[in-house]
Amino acid sequence: MTTNALDYQKKNLSCFKKQLNYLYDNNKLYQKKIIENDIDLSSIKKITDITKLPLLTKKDLFTDYPYGFYSTEIKNIARYHATSGTTGKPLIVGFTKKDLITRNKMVIDICKRAGIKKNDVVQICVGYGMFTGAFSFHDALEEYGCTIIPTSSGNTEKQIFYMKTLHTTVLITSPSYAMHIYEVAKEMGIDVKDLNIRILKVGSELLTDEMKKRLQEAYGKKVIINQDYGMTETMGPGLGSECKYCNGLHLYTKNFVYELVDPITKLPTDKNVGELVISTLHNECLPLIRYATNDIVEIDYTKCKCGNNAPRIKKIIGRCDDMIKCKGVKIFLSQVEDFILKHKFCTSNYEIILTTEKYIDKMKIEIEAICDFSEKDEKIVKQEKRLIEEFKSTFGIYAKIIFVPPNSIKRQNGKVKRIKDLRKL
Ligand SMILES: [Zn+2]
């Protein structure tokens with residue numbers, strides 16, 4: 001975000017300084033970092049001065065695991081949540097009672113903006129457990145006055161049973177699971193359009209434009225597809241969320257200060273695209289100052305019809321973790337997904353497999369076809385050839401693209417892992 005955009009957030013300067021001093025006073029690791037960087041905290045006089053402060057990374061948060069970056073005594077922690085830790089140890093985030101109140105307020109706020117009402121029946125189809133998603137919505141919406149159906153993820157036929165029996169009006173899920181629910185319902189002879197769902201609130205994965213189109217087709221035009229964005233480090237959903245007009249994720253400037261940096265140089269950028277850097281304003285257990293999120297986003301500063309003046313994340317281009325580096329070319333998963341879903345013959349179930357052969361990267365993409373087949377006929381082979389050619393001209397590299405019959409790629413509840421990188425093995 002430009003320095004001008006930070007200027008836009010200058011009303012947050014006093015809260016920011018309070019949070020900064022709190023972190024400095026209560027966390028030895030941060031204190032050390034500030035002293036090492038030779039920074040005088042009293043030199044932060046205007047909002048743009050915050051760029052003088054060092055960036056924090058996920059690696060920092062793992063120092064003196066698990067409590068190193070906490071700014072409160074352990075006895076004050078009311079709840080733990082954690083990241084999935086698929087690539088190593090999970091990052092464990094503590095919440096004090098005050099943190100939980102801050103989060104509830106924020107989640108109620110974003111849900112109200114999405115059009116969720118007190119009389120809504122909300123089915124939470126995301127995994128309960130250490131993840132922040134399910135509990136964030138559960139706690140907040142129950143407090144707000146909604147009726148909650150805590151079905152968690154998995155057991156899709158049962159999910160559909162509850163949806164039908166208890167007249168679910170809001171479905172909280174991930175885009176891929178929403179699509180899976182549609183498929184299973186179809187097999188059960190149920191058209192999800194006939195259910196009472198009016199809002200599909202999706203998060204925890206990227207929602208690409210093409211995926212949104214598919215969901216809209218599946219659930220019908222009446223259903224509002226509303227997206228939110230967050231991460232465990234920042235207490236879960238709420239970092240960005242769409243209003244009822246669903247035209248980008250409004251930044252939540254009540255709780256955070258947002259900046260953009262160049263993903264390579266890590267210096268502030270004037271462009272509308274860059275890596276998102278977050279500072280919290282009210283956190284007690286894990287305050288973050290200039291935390292580099294690893295997420296590349298595009299910001300939209302135009303005014304929204306809803307009257308909320310906070311800029312919006314127009315597009316989450318990708319998480320640095322979702323970037324595929326193959327034969328020296330960098331491709332975001334979201335770009336591959338948009339490419340795949342542009343083709344009517346493809347479903348949203350696909351897997352990218354990366355291997356090496358004699359030190360050379362190889363990419364294979366398996367895509368479930370829209371209709372069943374036992375042997376590949378001419379039509380399928382022709383489609384494969386077409387996709388391979390188009391992929392090459394779009395991304396500049398060759399990928400072997402093959403169609404597989406429907407339901408042959410393993411479904412994973414909760415987060416979907418689309419990339420299988422076998423090169424590291
Ligand atoms: Zn809006």
# chains A, B, ... in the order shown; residues from 1 in each chain; ligands from 1
>>> residues_near_ligand(ligand="ligand 1", cutoff="12 Å", atoms="only C-alpha atoms and all ligand atoms", output="PyMOL selection string")
chain A and resi 110+112-115+226+240-252+300-314
>>> select_by_dssp(residues="segment 232-371 of chain A", states="strand (DSSP E)", output="JSON, numbers by chain")
{"A": [236, 237, 238, 239, 240, 241, 242, 249, 250, 251, 256, 257, 258, 259, 260, 261, 273, 274, 275, 276, 277, 278, 279, 280, 291, 292, 293, 294, 295, 296, 297, 298, 299, 300, 312, 313, 314, 315, 316, 317, 318, 319, 323, 324, 325, 326, 329, 330, 331, 332, 346, 347, 348, 349, 350, 351, 352, 353, 354, 355, 356, 357, 360, 361, 362, 363, 364, 365, 366, 367, 368, 369]}
>>> residues_around(residues="Pro90 of chain A", least_positions_apart="6", cutoff="12 Å", atoms="only C-alpha atoms", output="list of chain:residue names")
A:Lys58, A:Lys59, A:Leu61, A:Phe62, A:Tyr65, A:Pro66, A:Tyr80, A:His81, A:Ala82, A:Thr83, A:Ser84, A:Met130, A:Phe131, A:Thr232, A:Glu233
>>> write_last_selection(atoms="all heavy atoms", output="compact mmCIF listing (two decimals), in the first residue's frame")
# COMPACT_ATOMS: atom_id res chain seq x y z
N LYS A 58 7.17 -15.22 10.00
CA LYS A 58 6.68 -16.40 10.70
C LYS A 58 7.82 -17.07 11.49
O LYS A 58 7.61 -17.59 12.57
CB LYS A 58 6.10 -17.38 9.68
CG LYS A 58 5.08 -18.31 10.27
CD LYS A 58 4.27 -18.99 9.20
CE LYS A 58 3.09 -19.70 9.80
NZ LYS A 58 2.19 -20.27 8.81
N LYS A 59 9.01 -16.98 10.93
CA LYS A 59 10.17 -17.57 11.59
C LYS A 59 10.37 -16.95 12.98
O LYS A 59 10.68 -17.63 13.95
CB LYS A 59 11.41 -17.35 10.70
CG LYS A 59 12.46 -18.41 10.88
CD LYS A 59 13.61 -18.19 9.90
CE LYS A 59 14.90 -18.62 10.56
NZ LYS A 59 16.07 -17.97 9.98
N LEU A 61 8.15 -15.83 14.90
CA LEU A 61 7.12 -16.31 15.82
C LEU A 61 7.42 -17.72 16.35
O LEU A 61 6.82 -18.17 17.31
CB LEU A 61 5.73 -16.29 15.16
CG LEU A 61 5.26 -14.95 14.58
CD1 LEU A 61 3.81 -15.05 14.14
CD2 LEU A 61 5.40 -13.82 15.58
N PHE A 62 8.35 -18.40 15.69
CA PHE A 62 8.73 -19.74 16.14
C PHE A 62 9.93 -19.72 17.10
O PHE A 62 10.33 -20.75 17.61
CB PHE A 62 9.06 -20.64 14.93
CG PHE A 62 7.85 -21.29 14.33
CD1 PHE A 62 7.20 -20.74 13.23
CD2 PHE A 62 7.33 -22.46 14.88
CE1 PHE A 62 6.08 -21.34 12.69
CE2 PHE A 62 6.21 -23.07 14.34
CZ PHE A 62 5.57 -22.51 13.25
N TYR A 65 10.01 -21.47 20.89
CA TYR A 65 8.72 -22.15 20.71
C TYR A 65 8.24 -22.77 22.01
O TYR A 65 9.04 -23.34 22.74
CB TYR A 65 8.90 -23.23 19.64
CG TYR A 65 7.67 -23.94 19.21
CD1 TYR A 65 6.82 -23.36 18.28
CD2 TYR A 65 7.36 -25.20 19.71
CE1 TYR A 65 5.68 -24.03 17.85
CE2 TYR A 65 6.22 -25.87 19.29
CZ TYR A 65 5.38 -25.28 18.36
OH TYR A 65 4.26 -25.94 17.93
N PRO A 66 7.00 -22.76 22.36
CA PRO A 66 5.90 -22.09 21.65
C PRO A 66 5.57 -20.69 22.17
O PRO A 66 4.79 -19.99 21.55
CB PRO A 66 4.72 -23.03 21.93
CG PRO A 66 5.00 -23.57 23.30
CD PRO A 66 6.48 -23.62 23.45
N TYR A 80 -6.13 -21.85 23.14
CA TYR A 80 -5.09 -21.99 22.12
C TYR A 80 -5.72 -22.36 20.79
O TYR A 80 -6.68 -23.15 20.74
CB TYR A 80 -4.11 -23.11 22.48
CG TYR A 80 -3.17 -22.80 23.61
CD1 TYR A 80 -3.25 -23.51 24.81
CD2 TYR A 80 -2.19 -21.82 23.47
CE1 TYR A 80 -2.37 -23.24 25.86
CE2 TYR A 80 -1.31 -21.55 24.52
CZ TYR A 80 -1.41 -22.26 25.71
OH TYR A 80 -0.55 -21.99 26.73
N HIS A 81 -5.19 -21.79 19.73
CA HIS A 81 -5.51 -22.25 18.38
C HIS A 81 -4.18 -22.47 17.68
O HIS A 81 -3.15 -21.99 18.15
CB HIS A 81 -6.36 -21.22 17.62
CG HIS A 81 -7.81 -21.27 17.96
ND1 HIS A 81 -8.59 -22.34 17.63
CD2 HIS A 81 -8.63 -20.39 18.62
CE1 HIS A 81 -9.83 -22.13 18.06
NE2 HIS A 81 -9.88 -20.96 18.66
N ALA A 82 -4.19 -23.15 16.56
CA ALA A 82 -2.92 -23.41 15.88
C ALA A 82 -3.10 -23.56 14.38
O ALA A 82 -4.19 -23.87 13.90
CB ALA A 82 -2.29 -24.69 16.44
N THR A 83 -2.01 -23.32 13.66
CA THR A 83 -2.02 -23.54 12.22
C THR A 83 -1.95 -25.05 11.98
O THR A 83 -1.68 -25.82 12.91
CB THR A 83 -0.79 -22.88 11.55
OG1 THR A 83 0.39 -23.42 12.16
CG2 THR A 83 -0.79 -21.37 11.73
N SER A 84 -2.14 -25.47 10.73
CA SER A 84 -2.16 -26.91 10.46
C SER A 84 -0.79 -27.56 10.66
O SER A 84 -0.69 -28.71 11.04
CB SER A 84 -2.66 -27.17 9.05
OG SER A 84 -1.86 -26.47 8.14
N MET A 130 -8.18 -27.36 16.40
CA MET A 130 -7.20 -26.31 16.62
C MET A 130 -7.30 -25.15 15.63
O MET A 130 -6.80 -24.06 15.88
CB MET A 130 -5.78 -26.89 16.57
CG MET A 130 -5.46 -27.83 17.72
SD MET A 130 -5.76 -27.10 19.35
CE MET A 130 -4.23 -26.21 19.64
N PHE A 131 -7.98 -25.36 14.51
CA PHE A 131 -8.16 -24.27 13.54
C PHE A 131 -8.99 -23.13 14.13
O PHE A 131 -9.86 -23.37 14.96
CB PHE A 131 -8.89 -24.76 12.29
CG PHE A 131 -8.05 -25.61 11.40
CD1 PHE A 131 -8.44 -26.90 11.08
CD2 PHE A 131 -6.87 -25.11 10.88
CE1 PHE A 131 -7.65 -27.70 10.26
CE2 PHE A 131 -6.09 -25.90 10.05
CZ PHE A 131 -6.48 -27.20 9.76
N THR A 232 -4.43 -17.61 11.20
CA THR A 232 -4.37 -17.91 12.62
C THR A 232 -3.57 -16.86 13.38
O THR A 232 -3.97 -16.43 14.46
CB THR A 232 -3.73 -19.31 12.82
OG1 THR A 232 -4.35 -20.21 11.92
CG2 THR A 232 -3.90 -19.81 14.23
N GLU A 233 -2.44 -16.43 12.81
CA GLU A 233 -1.58 -15.45 13.48
C GLU A 233 -2.32 -14.18 13.83
O GLU A 233 -1.98 -13.49 14.79
CB GLU A 233 -0.40 -15.06 12.58
CG GLU A 233 0.49 -16.18 12.14
CD GLU A 233 0.05 -16.75 10.80
OE1 GLU A 233 -1.06 -17.31 10.70
OE2 GLU A 233 0.83 -16.64 9.84
>>> residues_around(residues="Lys315 of chain A", least_positions_apart="3", cutoff="8 Å", atoms="only C-alpha atoms", output="count of residues only")
4
>>> residues_around(residues="segment 35-38 of chain A", least_positions_apart="5", cutoff="9 Å", atoms="only C-alpha atoms", output="PyMOL selection string")
chain A and resi 30+53-54
>>> atom_distance(atom1="atom CA of Lys33 of chain A", atom2="atom CA of Ile296 of chain A")
25.3 Å
>>> closest_atom_pairs(of="segment 122-181 of chain A", to="segment 349-363 of chain A", cutoff="10 Å", atoms="only C-alpha atoms", output="CSV")
residue,atom,partner,partner_atom,distance
A:Ser176,CA,A:Asn349,CA,8.3
A:Met179,CA,A:Asn349,CA,9.4
A:His180,CA,A:Asn349,CA,9.2
>>> write_last_selection(atoms="C-alpha atoms", output="PDB file, in the first residue's frame")
ATOM      1  CA  SER A 176     -13.832 -26.642  -2.539  1.00  0.00           C
ATOM      2  CA  MET A 179     -18.481 -27.647  -4.467  1.00  0.00           C
ATOM      3  CA  HIS A 180     -18.157 -31.115  -2.945  1.00  0.00           C
TER       4      HIS A 180
END
>>> atom_distance(atom1="atom CA of Ser334 of chain A", atom2="atom CA of Leu206 of chain A")
7.0 Å
>>> residues_around(residues="Leu281 of chain A", least_positions_apart="6", cutoff="9 Å", atoms="only C-alpha atoms", output="PyMOL selection string")
chain A and resi 12+15-20+254-257+287-289
>>> write_last_selection(atoms="N, CA, C and O atoms", output="PDB file, in the first residue's frame")
ATOM      1  N   ASN A  12      -5.214   5.700  13.245  1.00  0.00           N
ATOM      2  CA  ASN A  12      -4.802   4.562  14.072  1.00  0.00           C
ATOM      3  C   ASN A  12      -3.455   4.754  14.752  1.00  0.00           C
ATOM      4  O   ASN A  12      -2.978   3.865  15.444  1.00  0.00           O
ATOM      5  N   CYS A  15      -3.323   4.188  18.658  1.00  0.00           N
ATOM      6  CA  CYS A  15      -3.505   2.766  18.992  1.00  0.00           C
ATOM      7  C   CYS A  15      -2.260   1.968  18.615  1.00  0.00           C
ATOM      8  O   CYS A  15      -1.824   1.085  19.346  1.00  0.00           O
ATOM      9  N   PHE A  16      -1.707   2.296  17.449  1.00  0.00           N
ATOM     10  CA  PHE A  16      -0.512   1.594  16.981  1.00  0.00           C
ATOM     11  C   PHE A  16       0.631   1.771  17.983  1.00  0.00           C
ATOM     12  O   PHE A  16       1.298   0.808  18.358  1.00  0.00           O
ATOM     13  N   LYS A  17       0.837   3.016  18.418  1.00  0.00           N
ATOM     14  CA  LYS A  17       1.947   3.284  19.345  1.00  0.00           C
ATOM     15  C   LYS A  17       1.741   2.580  20.683  1.00  0.00           C
ATOM     16  O   LYS A  17       2.680   2.068  21.281  1.00  0.00           O
ATOM     17  N   LYS A  18       0.498   2.539  21.095  1.00  0.00           N
ATOM     18  CA  LYS A  18       0.171   1.857  22.345  1.00  0.00           C
ATOM     19  C   LYS A  18       0.512   0.363  22.224  1.00  0.00           C
ATOM     20  O   LYS A  18       1.123  -0.222  23.123  1.00  0.00           O
ATOM     21  N   GLN A  19       0.112  -0.237  21.092  1.00  0.00           N
ATOM     22  CA  GLN A  19       0.388  -1.649  20.867  1.00  0.00           C
ATOM     23  C   GLN A  19       1.891  -1.904  20.756  1.00  0.00           C
ATOM     24  O   GLN A  19       2.425  -2.852  21.315  1.00  0.00           O
ATOM     25  N   LEU A  20       2.588  -1.015  20.068  1.00  0.00           N
ATOM     26  CA  LEU A  20       4.038  -1.126  19.910  1.00  0.00           C
ATOM     27  C   LEU A  20       4.744  -1.084  21.270  1.00  0.00           C
ATOM     28  O   LEU A  20       5.601  -1.917  21.569  1.00  0.00           O
ATOM     29  N   LYS A 254     -10.253  -1.163  12.004  1.00  0.00           N
ATOM     30  CA  LYS A 254     -10.467  -0.972  13.450  1.00  0.00           C
ATOM     31  C   LYS A 254      -9.438  -1.766  14.258  1.00  0.00           C
ATOM     32  O   LYS A 254      -9.095  -1.405  15.360  1.00  0.00           O
ATOM     33  N   ASN A 255      -9.018  -2.902  13.698  1.00  0.00           N
ATOM     34  CA  ASN A 255      -8.107  -3.776  14.450  1.00  0.00           C
ATOM     35  C   ASN A 255      -6.704  -3.897  13.871  1.00  0.00           C
ATOM     36  O   ASN A 255      -5.824  -4.438  14.522  1.00  0.00           O
ATOM     37  N   PHE A 256      -6.529  -3.429  12.630  1.00  0.00           N
ATOM     38  CA  PHE A 256      -5.223  -3.649  11.991  1.00  0.00           C
ATOM     39  C   PHE A 256      -4.750  -2.411  11.225  1.00  0.00           C
ATOM     40  O   PHE A 256      -5.565  -1.628  10.743  1.00  0.00           O
ATOM     41  N   VAL A 257      -3.421  -2.307  11.093  1.00  0.00           N
ATOM     42  CA  VAL A 257      -2.844  -1.341  10.153  1.00  0.00           C
ATOM     43  C   VAL A 257      -2.269  -2.172   9.011  1.00  0.00           C
ATOM     44  O   VAL A 257      -1.612  -3.188   9.249  1.00  0.00           O
ATOM     45  N   PRO A 287       0.638  -9.694  20.091  1.00  0.00           N
ATOM     46  CA  PRO A 287       0.595  -8.485  19.255  1.00  0.00           C
ATOM     47  C   PRO A 287       1.613  -8.625  18.138  1.00  0.00           C
ATOM     48  O   PRO A 287       2.687  -9.197  18.345  1.00  0.00           O
ATOM     49  N   LEU A 288       1.269  -8.177  16.964  1.00  0.00           N
ATOM     50  CA  LEU A 288       2.192  -8.265  15.834  1.00  0.00           C
ATOM     51  C   LEU A 288       2.433  -6.859  15.295  1.00  0.00           C
ATOM     52  O   LEU A 288       1.479  -6.121  15.055  1.00  0.00           O
ATOM     53  N   ILE A 289       3.674  -6.512  15.110  1.00  0.00           N
ATOM     54  CA  ILE A 289       3.993  -5.219  14.512  1.00  0.00           C
ATOM     55  C   ILE A 289       4.731  -5.477  13.209  1.00  0.00           C
ATOM     56  O   ILE A 289       5.777  -6.109  13.196  1.00  0.00           O
TER      57      ILE A 289
END
>>> residues_around(residues="segment 328-333 of chain A", least_positions_apart="2", cutoff="10 Å", atoms="only C-alpha atoms", output="PyMOL selection string")
chain A and resi 206+208+317-326+335-339+352+361+395-397+418-419
>>> closest_residue(among="A:Ile47, A:Met235, A:Leu29, A:Ile181", to="Leu13 of chain A", atoms="only C-alpha atoms")
A:Ile47
>>> select_by_dssp(residues="segment 176-371 of chain A", states="alpha helix (DSSP H)", output="ChimeraX atom specification")
/A:176-187,209-219,333-341
>>> atom_distance(atom1="atom CA of Cys146 of chain A", atom2="atom CA of Leu215 of chain A")
24.3 Å
>>> decode(residues="segment 156-190 of chain A", atoms="N, CA and C atoms", output="mmCIF file, in the first residue's frame")
data_model
loop_
_atom_site.group_PDB
_atom_site.id
_atom_site.type_symbol
_atom_site.label_atom_id
_atom_site.label_comp_id
_atom_site.auth_asym_id
_atom_site.auth_seq_id
_atom_site.Cartn_x
_atom_site.Cartn_y
_atom_site.Cartn_z
ATOM 1 N N THR A 156 -20.408 -35.802 4.445
ATOM 2 C CA THR A 156 -21.167 -34.851 3.637
ATOM 3 C C THR A 156 -22.662 -35.175 3.532
ATOM 4 N N GLU A 157 -22.993 -36.463 3.470
ATOM 5 C CA GLU A 157 -24.416 -36.814 3.365
ATOM 6 C C GLU A 157 -25.182 -36.335 4.593
ATOM 7 N N LYS A 158 -24.540 -36.468 5.771
ATOM 8 C CA LYS A 158 -25.158 -35.983 7.016
ATOM 9 C C LYS A 158 -25.293 -34.460 6.983
ATOM 10 N N GLN A 159 -24.268 -33.808 6.440
ATOM 11 C CA GLN A 159 -24.303 -32.339 6.327
ATOM 12 C C GLN A 159 -25.561 -31.921 5.565
ATOM 13 N N ILE A 160 -25.789 -32.630 4.461
ATOM 14 C CA ILE A 160 -26.919 -32.283 3.598
ATOM 15 C C ILE A 160 -28.242 -32.586 4.310
ATOM 16 N N PHE A 161 -28.242 -33.692 5.058
ATOM 17 C CA PHE A 161 -29.420 -34.035 5.865
ATOM 18 C C PHE A 161 -29.781 -32.889 6.821
ATOM 19 N N TYR A 162 -28.786 -32.372 7.539
ATOM 20 C CA TYR A 162 -29.046 -31.274 8.484
ATOM 21 C C TYR A 162 -29.478 -30.000 7.759
ATOM 22 N N MET A 163 -28.839 -29.755 6.626
ATOM 23 C CA MET A 163 -29.181 -28.570 5.837
ATOM 24 C C MET A 163 -30.661 -28.557 5.492
ATOM 25 N N LYS A 164 -31.128 -29.747 5.102
ATOM 26 C CA LYS A 164 -32.508 -29.897 4.668
ATOM 27 C C LYS A 164 -33.464 -29.886 5.869
ATOM 28 N N THR A 165 -33.101 -30.679 6.879
ATOM 29 C CA THR A 165 -33.989 -30.857 8.030
ATOM 30 C C THR A 165 -34.119 -29.598 8.878
ATOM 31 N N LEU A 166 -33.002 -28.904 9.060
ATOM 32 C CA LEU A 166 -33.030 -27.745 9.968
ATOM 33 C C LEU A 166 -33.083 -26.404 9.219
ATOM 34 N N HIS A 167 -33.279 -26.461 7.916
ATOM 35 C CA HIS A 167 -33.470 -25.253 7.094
ATOM 36 C C HIS A 167 -32.312 -24.264 7.203
ATOM 37 N N THR A 168 -31.125 -24.748 6.968
ATOM 38 C CA THR A 168 -29.926 -23.900 7.013
ATOM 39 C C THR A 168 -30.053 -22.740 6.033
ATOM 40 N N THR A 169 -29.724 -21.534 6.503
ATOM 41 C CA THR A 169 -29.775 -20.368 5.600
ATOM 42 C C THR A 169 -28.383 -19.842 5.257
ATOM 43 N N VAL A 170 -27.423 -20.092 6.166
ATOM 44 C CA VAL A 170 -26.051 -19.652 5.889
ATOM 45 C C VAL A 170 -25.129 -20.855 6.023
ATOM 46 N N LEU A 171 -24.281 -21.025 5.030
ATOM 47 C CA LEU A 171 -23.325 -22.128 5.042
ATOM 48 C C LEU A 171 -21.929 -21.533 5.147
ATOM 49 N N ILE A 172 -21.205 -21.900 6.203
ATOM 50 C CA ILE A 172 -19.829 -21.417 6.322
ATOM 51 C C ILE A 172 -18.912 -22.578 5.965
ATOM 52 N N THR A 173 -18.124 -22.396 4.917
ATOM 53 C CA THR A 173 -17.323 -23.509 4.410
ATOM 54 C C THR A 173 -16.170 -23.007 3.545
ATOM 55 N N SER A 174 -15.455 -23.926 2.935
ATOM 56 C CA SER A 174 -14.397 -23.522 2.002
ATOM 57 C C SER A 174 -14.963 -23.690 0.585
ATOM 58 N N PRO A 175 -14.407 -22.975 -0.405
ATOM 59 C CA PRO A 175 -14.945 -23.102 -1.761
ATOM 60 C C PRO A 175 -14.961 -24.542 -2.263
ATOM 61 N N SER A 176 -13.882 -25.285 -2.003
ATOM 62 C CA SER A 176 -13.832 -26.642 -2.539
ATOM 63 C C SER A 176 -14.848 -27.548 -1.845
ATOM 64 N N TYR A 177 -15.060 -27.324 -0.540
ATOM 65 C CA TYR A 177 -16.041 -28.170 0.152
ATOM 66 C C TYR A 177 -17.467 -27.819 -0.267
ATOM 67 N N ALA A 178 -17.701 -26.545 -0.549
ATOM 68 C CA ALA A 178 -19.024 -26.134 -1.030
ATOM 69 C C ALA A 178 -19.337 -26.842 -2.346
ATOM 70 N N MET A 179 -18.319 -26.977 -3.184
ATOM 71 C CA MET A 179 -18.481 -27.647 -4.467
ATOM 72 C C MET A 179 -18.713 -29.148 -4.245
ATOM 73 N N HIS A 180 -18.009 -29.698 -3.276
ATOM 74 C CA HIS A 180 -18.157 -31.115 -2.945
ATOM 75 C C HIS A 180 -19.571 -31.407 -2.429
ATOM 76 N N ILE A 181 -20.081 -30.508 -1.594
ATOM 77 C CA ILE A 181 -21.448 -30.652 -1.069
ATOM 78 C C ILE A 181 -22.438 -30.692 -2.242
ATOM 79 N N TYR A 182 -22.223 -29.813 -3.198
ATOM 80 C CA TYR A 182 -23.092 -29.762 -4.380
ATOM 81 C C TYR A 182 -23.073 -31.107 -5.124
ATOM 82 N N GLU A 183 -21.853 -31.634 -5.298
ATOM 83 C CA GLU A 183 -21.714 -32.912 -6.025
ATOM 84 C C GLU A 183 -22.411 -34.054 -5.292
ATOM 85 N N VAL A 184 -22.178 -34.141 -3.972
ATOM 86 C CA VAL A 184 -22.774 -35.237 -3.189
ATOM 87 C C VAL A 184 -24.297 -35.109 -3.170
ATOM 88 N N ALA A 185 -24.775 -33.879 -3.019
ATOM 89 C CA ALA A 185 -26.228 -33.657 -3.010
ATOM 90 C C ALA A 185 -26.842 -34.151 -4.321
ATOM 91 N N LYS A 186 -26.143 -33.858 -5.422
ATOM 92 C CA LYS A 186 -26.632 -34.267 -6.739
ATOM 93 C C LYS A 186 -26.762 -35.789 -6.813
ATOM 94 N N GLU A 187 -25.738 -36.462 -6.283
ATOM 95 C CA GLU A 187 -25.779 -37.938 -6.262
ATOM 96 C C GLU A 187 -26.943 -38.458 -5.410
ATOM 97 N N MET A 188 -27.306 -37.667 -4.379
ATOM 98 C CA MET A 188 -28.410 -38.070 -3.501
ATOM 99 C C MET A 188 -29.766 -37.676 -4.088
ATOM 100 N N GLY A 189 -29.724 -37.064 -5.268
ATOM 101 C CA GLY A 189 -30.970 -36.629 -5.905
ATOM 102 C C GLY A 189 -31.491 -35.313 -5.356
ATOM 103 N N ILE A 190 -30.615 -34.546 -4.705
ATOM 104 C CA ILE A 190 -31.032 -33.250 -4.137
ATOM 105 C C ILE A 190 -30.371 -32.120 -4.917
#
